[in-house]
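Just below is one structure, and these are the notes that go with it.
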Protein chains: 2
Amino acid sequence: MADRAQIQEAIKTQGEAVRKLKEQKASKDQIDEEVAKLLELKARLGTDDGKHPFVLKTPKGTRDYNPKQMAIREKVFSTIIGCFKRHGAETIDTPVFELKETLTGKYGEDSKLIYDLKDQGGELLSLRYDLTVPFARYLAMNKITNIKRYHIAKVYRRDNPAMTRGRYREFYQCDFDIAGQYDPMIPDAECLKIVHEILSELQLGDFRIKVNDRRILDGMFAVCGVPDDKFRTICSTVDKLDKASWEEVKSEMVGEKGLAPEAADQIGEYVSMQGGLDLAEKLLQDAKLSQSKQAVAGLTDMKQLFKYLELFKVTDKVVFDLSLARGLDYYTGVIYEAVLTQTQAEPQPQKQNSNAAEEPASVGSVAGGGRYDGLVGMFDPKGRRVPCVGVSIGIERVFSIMEQKAEASADKIRTTETEVMVASAQKNLLEERLKLTAELWDAGIKAEVMYKKNPKLLSQLQHCEETGIPFVAIIGEQEIKDGVVKIRNVATREEVDVTRADLVKEIKNKLQS
Amino acid sequence: MADRAQIQEAIKTQGEAVRKLKEQKASKDQIDEEVAKLLELKARLGTDDGKHPFVLKTPKGTRDYNPKQMAIREKVFSTIIGCFKRHGAETIDTPVFELKETLTGKYGEDSKLIYDLKDQGGELLSLRYDLTVPFARYLAMNKITNIKRYHIAKVYRRDNPAMTRGRYREFYQCDFDIAGQYDPMIPDAECLKIVHEILSELQLGDFRIKVNDRRILDGMFAVCGVPDDKFRTICSTVDKLDKASWEEVKSEMVGEKGLAPEAADQIGEYVSMQGGLDLAEKLLQDAKLSQSKQAVAGLTDMKQLFKYLELFKVTDKVVFDLSLARGLDYYTGVIYEAVLTQTQAEPQPQKQNSNAAEEPASVGSVAGGGRYDGLVGMFDPKGRRVPCVGVSIGIERVFSIMEQKAEASADKIRTTETEVMVASAQKNLLEERLKLTAELWDAGIKAEVMYKKNPKLLSQLQHCEETGIPFVAIIGEQEIKDGVVKIRNVATREEVDVTRADLVKEIKNKLQS
């Protein structure tokens with residue numbers, strides 16, 4: 001452990017760094033991250049000190065959501081859930097932890113990022129790493145062969161996330177999956193339609209959905225002369241093409257992974273191809289690629305997919321891109337990934353992807369998914385297959401864009417839905433205020449009242465301004481005597497007297513208009 | 001480890017038990033629990049065998065929610081959240097785990113039930129045990145002195161729960177709290193009003209809300225001659241009065257806890273008292289109890305509370321009950337607990353509480369809470385106090401009652417909200433169906449289509465009957481030629497042709513009526 005002087009020195013340096021960032025008007029995320037470091041240092045000083053028994057922080061890689069963030073989160077969820085329901089989806093929920101062995105062998109190298117629970121006697125447990133494996137476990141356990149479901153819940157990864165980019169150790173996943181044996185590519189096309197609808201509705205700016213197929217990739221590797229046992233590792237190198245240049249990727253293939261340079265060059269030709277239905281047709285005629293049964297199956301399905309996408313009117317955003325190679329082991333067919341194509345006030349300029357140099361820089365994936373026909377069978381004692389296709393919305397990325405937009409915008413975000421503030425200008429009317437408030441509550445009107453015996457009218461009105469409450473119901477001695485209530489419109493400052501009997505009706509009218 | 005033959009024998013016995021319960025039409029919970037035991041046994045056989053690598057179950061004390069349960073859960077949440085919003089509450093969220101030290105020293109003996117995470121390097125973490133301690137940490141960390149917030153999230157306790165009674169190791173809490181320095185008993189009264197509103201709206205049957213005050217209890221212990229250092233332990237014995245008879249409680253006080261029998265008898269007299277404003281007034285005159293400043297402060301506030309409750313019109317359900325003594329250490333003032341007073345098709349008869357013998361048996365607490373003015377200060381480096389009062393709705397108990405009601409009811413629960421099924425009676429119309437479905441989606445109508453090239457009309461109609469879809473949009477060669485769509489009402493079987501251009505408008509009209 002560092003000594004107190006060292007920590008104090010580090011606190012000073014860090015405090016200076018935060019001050020500078022603020023001066024430079026750096027992004028909120030960047031400042032937050034540096035402030036978090038500062039707090040962590042201060043906390044360490046605290047414990048060394050023995051004075052402050054508590055480290056006042058959330059665990060590394062996690063965060064609280066304050067009411068403003070929750071309001072944004074609710075809005076985003078409601079758009080997304082609205083879309084899922086429009087497509088006839090049900091929802092399920094699973095526990096936050098699973099038996100450790102349920103997760104074992106599903107995530108390849110990433111398994112080291114799984115959070116385990118302490119062995120306190122009993123079963124060995126781990127926090128869920130995604131929602132797909134629990135979904136497959138649920139299907140196998142309940143012998144379900146057909147379902148269209150969504151699941152929105154937090155998952156956990158012991159990563160070292162860049163929190164400035166909206167990445168955390170505890171984060172939401174937002175999954176939509178269709179399980180069942182159906183005619184080819186119909187559910188797959190619906191998943192892409194859903195991505196298109198959600199990204200359009202959220203108004204995150206322009207986007208593109210890249211599509212490829214695991215079978216086309218595998219076929220391509222085969223005809224380019226990649227040995228069978230190198231498919232997966234070469235695939236994960238191809239996956240880096242959205243962040244690295246082709247030269248870098250090739251050098252990893254040849255240098256680190258020992259692929260023949262000619263094989264790499266052949267791959268290089270294929271992975272630079274982008275198109276639509278036309279490209280699928282062209283590649284079906286490709287002398288080399290058509291040698292692979294796998295590739296032909298994938299390309300035939302790709303053609304079918306694009307026909308359905310045309311009926312769904314979403315081909316404007318969808319690109320068949322042979323460089324797309326998603327990492328997860330369990331994909332068996334079509335794969336896809338949506339990226340935003342406009343920069344969103346990012347603190348850092350994006351690295352250019354050299355084989356897409358003429359295009360706007362991608363700002364990261366906001367949705368992805370694909371077909372995984374074998375995963376449920378891994379859980380079924382008899383290995384029965386339940387074909388599945390699904391999509392996961394990168395909701396944390398969406399939150400962080402929406403937060404940035406909200407901060408840049410002049411509109412205030414309301415964190416409550418209160419419609420009426422029950423107020424008084426005179427003293428000793430607390431009981432009257434409480435009685436009136438209860439009447440409003442009982443009539444289903446969202447109402448607040450100050451928890452003070454004699455609050456000032458000004459402070460009651462200020463509370464309305466600050467929190468966006470549109471109406472005030474004001475009572476005084478005279479109003480009580482006359483059996484009326486004064487309704488004040490906070491924005492226009494107009495006031496009208498209405499009889500107590502008409503109050504609820506009048507407020508409801510005003511709220512509707 | 002038991003040998004295979006033993007496990008196989010146990011599986012046979014357990015299978016028999018499940019079969020019998022089903023014959024007897026035992027409650028779903030009971031059957032589920034026995035089936036869970038059966039699955040666990042089978043899983044053990046599986047692993048011993050080496051054949052089935054996966055134990056197909058959720059961890060002990062946890063469960064999946066299927067779509068039907070989720071539909072019920074959504075309905076309950078929407079009622080409760082609706083009430084919280086009506087009272088002007090914001091919402092926040094906190095991580096599922098906290099630094100271990102954040103939870104340390106907050107739960108007394110129950111600390112042994114906290115789930116710890118494995119030390120994988122880095123911070124020591126524990127799963128949250130309730131939402132109150134994270135709330136207090138949040139307030140202190142963000143220096144918030146005023147907030148009215150609700151928080152609905154899962155919490156974790158390594159208990160041995162009776163799952164038949166709707167108790168789990170992973171379960172929802174649903175908390176509403178008001179933090180801030182206000183005039184006495186106004187926020188406290190609002191919390192009780194909220195419990196009254198929620199329990200009434202959920203229609204769980206008749207209920208009662210018991211109210212007491214930590215200061216009245218402490219004052220009572222003092223004047224009855226309980227030594228200071230025995231307040232807490234005697235308090236937790238009094239807490240058992242809702243489940244045990246006075247004789248049992250007295251014997252624990254005297255036998256186990258070494259209290260003088262005369263002191264116990266004096267306590268016995270007080271804790272048999274129930275009433276309202278009148279009882280508070282009577283006790284303020286009580287020669288003995290009025291000796292205690294604490295008790296007088298509590299009784300004075302109790303009087304004030306009942307005055308506000310009268311304005312809120314909720315005194316019909318609220319009882320000042322001196323036997324109420326909630327266990328948690330952090331309460332400092334008023335405490336309350338709501339119980340349902342009608343039996344809800346419980347599998348076991350309830351044990352009678354002897355000092356409430358004339359009353360209907362309580363079926364367990366469905367809400368509880370109180371004032372905790374010291375908790376936030378425990379987190380503040382300078383010990384600044386933020387007075388808080390709150391209530392927690394026992395949502396799992398509510399779910400399980402609602403599930404029982406749903407099963408007993410003839411009404412089907414819908415798990416999707418689909419409004420229209422796009423169908424065809426003829427072959428080769430998949431593309432036309434997909435096109436029409438996309439038109440409906442784009443118009444905001446919730447629509448489904450079968451993922452088959454040539455589904456039978458009957459199976460398309462059956463799907464509507466099973467899942468409660470109210471309308472079918474049917475197209476055939478003729479309809480396409482005529483530019484119309486046939487709308488069929490699934491319940492009445494009426495069919496009308498509408499032009500394609502009017503389709504969306506017509507469907508929206510039909511959905512509204």
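Each chain in the structure tokens gets a letter, A, B, ..., in the order shown, and its residues are numbered from 1; ligands are numbered from 1 in order too.
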
Could you give me, as a VMD selection string, each residue of stretch 278-469 of chain A that DSSP assigns to helix (DSSP H, G or I) when run on this structure's backbone?
-> chain A and resid 278 to 284 289 to 291 293 to 311 354 to 356 375 to 379 395 to 408 430 to 442 457 to 467

May I have the residues within 8 Å of stretch 195-212 of chain B as a ChimeraX atom specification, using only C-alpha atoms and disregarding those fewer than 3 positions away in the same chain?
-> /B:76,79-80,83,191-192,216-217,302,314,317-325,334-342,367,391,393,398,401-402

Emit the selected residues as a CSV table (one decimal), in the first residue's frame, including C-alpha atoms.
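Resulting contents of again_26.csv:
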chain,number,residue,atom,x,y,z
B,76,VAL,CA,-48.7,-5.1,-10.4
B,79,THR,CA,-50.4,-0.1,-10.3
B,80,ILE,CA,-47.7,0.5,-7.7
B,83,CYS,CA,-49.3,5.4,-7.1
B,191,CYS,CA,-46.4,6.8,3.4
B,192,LEU,CA,-49.4,5.3,5.2
B,216,ILE,CA,-42.9,4.3,22.5
B,217,LEU,CA,-41.5,0.8,22.6
B,302,MET,CA,-48.8,9.4,17.1
B,314,VAL,CA,-57.5,6.2,5.9
B,317,LYS,CA,-57.6,0.5,8.2
B,318,VAL,CA,-54.9,1.9,10.6
B,319,VAL,CA,-54.5,0.6,14.1
B,320,PHE,CA,-52.1,1.9,16.8
B,321,ASP,CA,-50.8,-1.4,18.0
B,322,LEU,CA,-48.3,-1.5,20.9
B,323,SER,CA,-47.2,-5.1,20.0
B,324,LEU,CA,-45.7,-4.1,16.7
B,325,ALA,CA,-41.9,-4.1,16.9
B,334,VAL,CA,-42.8,5.6,13.7
B,335,ILE,CA,-43.0,2.0,12.4
B,336,TYR,CA,-45.7,0.2,10.5
B,337,GLU,CA,-46.7,-3.0,8.9
B,338,ALA,CA,-49.7,-3.9,6.7
B,339,VAL,CA,-51.3,-7.4,6.9
B,340,LEU,CA,-54.0,-9.0,4.9
B,341,THR,CA,-56.8,-10.1,7.1
B,342,GLN,CA,-58.4,-12.7,4.8
B,367,ALA,CA,-45.9,-3.9,3.4
B,391,VAL,CA,-42.3,2.0,3.1
B,393,ILE,CA,-44.2,-3.2,-0.5
B,398,VAL,CA,-48.5,-9.8,-3.8
B,401,ILE,CA,-51.5,-13.9,-4.4
B,402,MET,CA,-52.2,-12.5,-7.9

Give the residues of chain A that lie within 7 Å of chain B; count only C-alpha atoms, and format the answer as a ChimeraX atom specification.
-> /A:52,54,56-59,62-67,70,85-95,98-99,101-102,116-118,137,141,182-183,186-187,311-312,379,381,415-418,434-435,438,441,445-448,451-453

Would you save the residues of that selection, restricted to C-alpha atoms, as a PDB file, in the first residue's frame?
ATOM      1  CA  HIS A  52     -13.825   7.685   7.769  1.00  0.00           C
ATOM      2  CA  PHE A  54     -16.905   4.197   4.774  1.00  0.00           C
ATOM      3  CA  LEU A  56     -18.404   6.423  -0.352  1.00  0.00           C
ATOM      4  CA  LYS A  57     -18.423   4.980  -3.822  1.00  0.00           C
ATOM      5  CA  THR A  58     -20.057   2.390  -6.026  1.00  0.00           C
ATOM      6  CA  PRO A  59     -17.963  -0.608  -7.054  1.00  0.00           C
ATOM      7  CA  THR A  62     -20.716   0.467 -11.880  1.00  0.00           C
ATOM      8  CA  ARG A  63     -22.810   3.571 -11.387  1.00  0.00           C
ATOM      9  CA  ASP A  64     -25.977   4.832  -9.791  1.00  0.00           C
ATOM     10  CA  TYR A  65     -28.707   6.209 -12.021  1.00  0.00           C
ATOM     11  CA  ASN A  66     -30.003   9.515 -10.762  1.00  0.00           C
ATOM     12  CA  PRO A  67     -33.608  10.594 -11.424  1.00  0.00           C
ATOM     13  CA  MET A  70     -33.753   7.233 -14.967  1.00  0.00           C
ATOM     14  CA  LYS A  85     -44.622  -5.582 -28.367  1.00  0.00           C
ATOM     15  CA  ARG A  86     -45.598  -4.326 -31.800  1.00  0.00           C
ATOM     16  CA  HIS A  87     -43.915  -7.467 -33.095  1.00  0.00           C
ATOM     17  CA  GLY A  88     -45.897  -9.709 -30.768  1.00  0.00           C
ATOM     18  CA  ALA A  89     -43.121 -10.548 -28.307  1.00  0.00           C
ATOM     19  CA  GLU A  90     -43.624 -11.895 -24.794  1.00  0.00           C
ATOM     20  CA  THR A  91     -41.112 -11.249 -22.023  1.00  0.00           C
ATOM     21  CA  ILE A  92     -39.416 -13.472 -19.448  1.00  0.00           C
ATOM     22  CA  ASP A  93     -36.979 -12.939 -16.591  1.00  0.00           C
ATOM     23  CA  THR A  94     -34.232 -15.136 -15.169  1.00  0.00           C
ATOM     24  CA  PRO A  95     -32.184 -14.888 -11.949  1.00  0.00           C
ATOM     25  CA  GLU A  98     -26.827 -19.001 -12.641  1.00  0.00           C
ATOM     26  CA  LEU A  99     -25.129 -22.206 -11.589  1.00  0.00           C
ATOM     27  CA  GLU A 101     -21.552 -24.756 -14.787  1.00  0.00           C
ATOM     28  CA  THR A 102     -24.428 -23.288 -16.821  1.00  0.00           C
ATOM     29  CA  ASP A 116     -18.184 -15.725  -9.449  1.00  0.00           C
ATOM     30  CA  LEU A 117     -19.951 -15.679  -6.112  1.00  0.00           C
ATOM     31  CA  LYS A 118     -18.041 -16.695  -3.014  1.00  0.00           C
ATOM     32  CA  ARG A 137     -31.060 -22.760 -20.440  1.00  0.00           C
ATOM     33  CA  MET A 141     -35.282 -26.626 -18.970  1.00  0.00           C
ATOM     34  CA  TYR A 182     -39.555 -21.994 -39.372  1.00  0.00           C
ATOM     35  CA  ASP A 183     -39.143 -21.368 -43.071  1.00  0.00           C
ATOM     36  CA  ILE A 186     -38.344 -14.955 -42.163  1.00  0.00           C
ATOM     37  CA  PRO A 187     -37.581 -14.469 -38.438  1.00  0.00           C
ATOM     38  CA  LEU A 311     -40.721  -6.175 -48.632  1.00  0.00           C
ATOM     39  CA  PHE A 312     -40.017  -4.663 -45.210  1.00  0.00           C
ATOM     40  CA  PHE A 379     -28.414 -27.745 -22.589  1.00  0.00           C
ATOM     41  CA  PRO A 381     -30.023 -33.848 -22.200  1.00  0.00           C
ATOM     42  CA  THR A 415     -38.087  13.571 -13.318  1.00  0.00           C
ATOM     43  CA  THR A 416     -41.606  13.511 -11.861  1.00  0.00           C
ATOM     44  CA  GLU A 417     -45.014  13.571 -13.509  1.00  0.00           C
ATOM     45  CA  THR A 418     -46.739  15.770 -10.942  1.00  0.00           C
ATOM     46  CA  LEU A 434     -53.601  17.996   2.982  1.00  0.00           C
ATOM     47  CA  LYS A 435     -57.322  17.378   2.638  1.00  0.00           C
ATOM     48  CA  ALA A 438     -55.875  13.642  -0.777  1.00  0.00           C
ATOM     49  CA  TRP A 441     -54.899  11.672  -5.236  1.00  0.00           C
ATOM     50  CA  ILE A 445     -54.535  13.257 -10.202  1.00  0.00           C
ATOM     51  CA  LYS A 446     -50.789  13.450  -9.618  1.00  0.00           C
ATOM     52  CA  ALA A 447     -50.397  15.990  -6.852  1.00  0.00           C
ATOM     53  CA  GLU A 448     -47.789  17.289  -4.448  1.00  0.00           C
ATOM     54  CA  TYR A 451     -44.407  19.105   4.022  1.00  0.00           C
ATOM     55  CA  LYS A 452     -44.347  22.381   5.933  1.00  0.00           C
ATOM     56  CA  LYS A 453     -46.879  24.020   8.148  1.00  0.00           C
TER      57      LYS A 453
END

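For these identical-sequence chains, chain B and chain A, a least-squares overlay on all C-alpha positions gives an RMSD of 0.3 Å.
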
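Between B:Gly276 and the candidates B:Lys405, B:Lys508, B:Lys427, B:Lys303, the tightest atom-to-atom separation, counting only C-alpha atoms, involves B:Lys303.
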